[in-house]
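Trainee: The structure that follows is given in the form of structure tokens.
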Amino acid sequence: MECIVSLSRRVSACVGTFALVASLFAGGCGDDDSTNEDGGTVTDSGSARDGATTPDSGPVVSDGGGTGDGGGTVSCAGGPACGACETCGPTGCVPVDDGTACGDGACYAGSCCTGCWDGSACQSGTTLAMCGNSGEACSTCSNPSCANVSCATGACMPAAPVEAFSLGGFSTCAVAAGGSLWCWGQNSDDELGLGSEAPSAVEVPTQVGTESWITVGLGEDHGCGIRQNGTLWCWGNNEDGQLGVGDTTNRDVPTQEALAATNWVRVLSSAVDQATCGLRQDGSMYCWGDNSSGQLGLGDSDNRDTPTQVAGTWLDVSVGNAHICGIRMGGTLWCWGDNEGGQLGQGDTTNVDSPAQVGTDTNWKDVSAGADHTCAIRMDGTLWCWGDNSNGALGTGGGDDQTTPVQIGADNNWDSIVSEGNRFNCGLRTEGTLWCWGRNFRGPLGLGDTSDRNAPEQVGTDTDWASVNIGRDHACALKDDGVLECVGRNFAGGLGIGDTDDRTEHVAICFPSPS
């Protein structure tokens, strides 16, 4: 699944603690067994301290009113009061150094250091505002993995806002403004595209090459992206031909698809499947990879290792677990592939190996195929779901599976929906609110706990969400200002926050400066 967003606001603060990017390439970390839901986590916790300042002899110290841990302002005889990081000199107040060496984690609220570490170099200055006071601008973003931190500006800023992103099984990739591609998380099948020397787990955003990209789409353990020249490139596991390169050999770096076309506009896969589909500028759709349930829509169950055209002119497509759904020109909805849970919306549970229309309506605008259910939105803003209702995936409030579309609630302000994860969904409403429901294993719903929900529930109170995407057990959502926030299972560092601890509430991701 991939998400693309056009952004109007470009600046935001980003907070978080990260491990050194360079250290990730010294060796792997995390459990490579993607099927072990009970695998342990590795905690990477930081620490903070308050450094007291003892001024040189000579100044007069008052009993109160100070801003540092020394507790009082310092005044030179006959002159103005000195700041908390200053002392008297021959001509008045001068900066004072508390002896703390400049480096990662060296700048704390209350310390008087001669500079702050921005991740790559010492920044000049001695004021507390630059050393973490009142917002802790440096102490919360002082790790070198966040190489774009500027203590002089008093904030930790993303190097560039995110414009497109996608989640795989336990991995995540994002395209930042300017076209740089960043990936993180599980890499045991080279699904991050970082090359043969990369570790099996990468816990912070790491740049993939230096090329310019427009979008990315991740599968269970492979990835594909479209460059700014319209070419399509894939990497990772290729056992079913899902890379589309004409064979079944894995690739550890992006490799161009076999047809070498230059008019690709979208590429999609599923966090729980090995099939890939892409759309071209003329509305033609091509699919390739695993076809064991007829999910490629080609009239058979033979895998394909090169992109193969699916009949019709298409506006949208979504790849689920062994089934695919799409919206054709004219607003009709079509599904095909595995139908064990009734996810094709045909009123039965019979598999279909070519596109089959869902009802006769011509007003569908968005569709998302899940593990074994499907959800879609009509032009009137109503939300409809069908298929397997395990874990409350349909959002009906409980009840049985459904083999035809059923309206979810009475609201008519749904804007987008994603269901490609492991039996859970998230959607946006037109006022910018975020709603999630279904399976909540490890907390991907972002509701502060791990309890399933059988009906849509709002995530927080924010109204500035721009897009959302989900993986197997984690989710990420983008704010209007381009800041990406992630939540849920953090296996192999899939959340991109520098550790492997799960989160049940959204955490902002900070990106290093592109090379």
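Lettering and numbering for the structure tokens are positional, with chains as A, B, ... in the shown order, residues counted from 1 in each chain, and ligands counted from 1 in the shown order.
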Enumerate, as JSON, numbers by chain, the complete set of residues in segment 163-273 of chain A that a backbone-based DSSP assignment places in strand (DSSP E).

Mentor: {"A": [163, 164, 165, 166, 167, 171, 172, 173, 174, 175, 176, 181, 182, 183, 184, 185, 186, 201, 202, 203, 204, 205, 206, 207, 213, 214, 215, 216, 217, 218, 222, 223, 224, 225, 226, 227, 232, 233, 234, 235, 236, 251, 252, 253, 254, 255, 256, 264, 265, 266, 267, 268, 269]}

Trainee: Near segment 418-435 of chain A, counting only C-alpha atoms, which residues have an atom at most 6 Å away, once you skip same-chain residues fewer than 4 positions from it, shown as a list in words?

Mentor: Ser270, Ala271, Gly320, Ser368, Ala369, Gly370, Ala371, Ala393, Asn413, Trp414, Arg439, Pro456, Glu457, Gln458, Val459, Thr463, Asp464, Trp465, Ile470, Gly471 and Arg472 of chain A

Trainee: Convert the current residue selection to file output with C-alpha atoms, as an mmCIF file, in the first residue's frame.

Mentor:
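Writing done, so here's again_8.cif:
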```
data_model
loop_
_atom_site.group_PDB
_atom_site.id
_atom_site.type_symbol
_atom_site.label_atom_id
_atom_site.label_comp_id
_atom_site.auth_asym_id
_atom_site.auth_seq_id
_atom_site.Cartn_x
_atom_site.Cartn_y
_atom_site.Cartn_z
ATOM 1 C CA SER A 270 0.034 -5.655 0.540
ATOM 2 C CA ALA A 271 1.664 -6.097 3.931
ATOM 3 C CA GLY A 320 -4.999 -7.395 -0.155
ATOM 4 C CA SER A 368 -9.042 -1.033 0.216
ATOM 5 C CA ALA A 369 -8.558 -4.821 0.243
ATOM 6 C CA GLY A 370 -7.555 -6.292 3.616
ATOM 7 C CA ALA A 371 -6.394 -9.638 4.938
ATOM 8 C CA ALA A 393 -12.607 -5.897 11.189
ATOM 9 C CA ASN A 413 -18.088 12.262 5.740
ATOM 10 C CA TRP A 414 -15.557 9.507 5.074
ATOM 11 C CA ARG A 439 -7.512 -6.131 15.472
ATOM 12 C CA PRO A 456 -14.645 2.993 14.212
ATOM 13 C CA GLU A 457 -13.110 4.950 17.103
ATOM 14 C CA GLN A 458 -11.449 8.346 16.822
ATOM 15 C CA VAL A 459 -7.698 8.518 17.428
ATOM 16 C CA THR A 463 -8.043 17.502 12.908
ATOM 17 C CA ASP A 464 -4.912 17.918 10.788
ATOM 18 C CA TRP A 465 -4.353 14.373 9.521
ATOM 19 C CA ILE A 470 -1.083 0.420 7.708
ATOM 20 C CA GLY A 471 1.261 -2.570 7.785
ATOM 21 C CA ARG A 472 0.792 -6.018 9.275
#
```

Trainee: Could you name the residues that touch segment 226-233 of chain A at 6 Å or less, counting only C-alpha atoms, but leaving out those on the same chain fewer than 3 positions away, as a ChimeraX atom specification?

Mentor: /A:212-215,254-257,261-264

Trainee: Using atom CA of Thr500 of chain A and atom CA of Glu239 of chain A as the two end points, give the distance in Å to one decimal.

Mentor: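 Going from atom CA of Thr500 of chain A over to atom CA of Glu239 of chain A, I get 27.7 Å.
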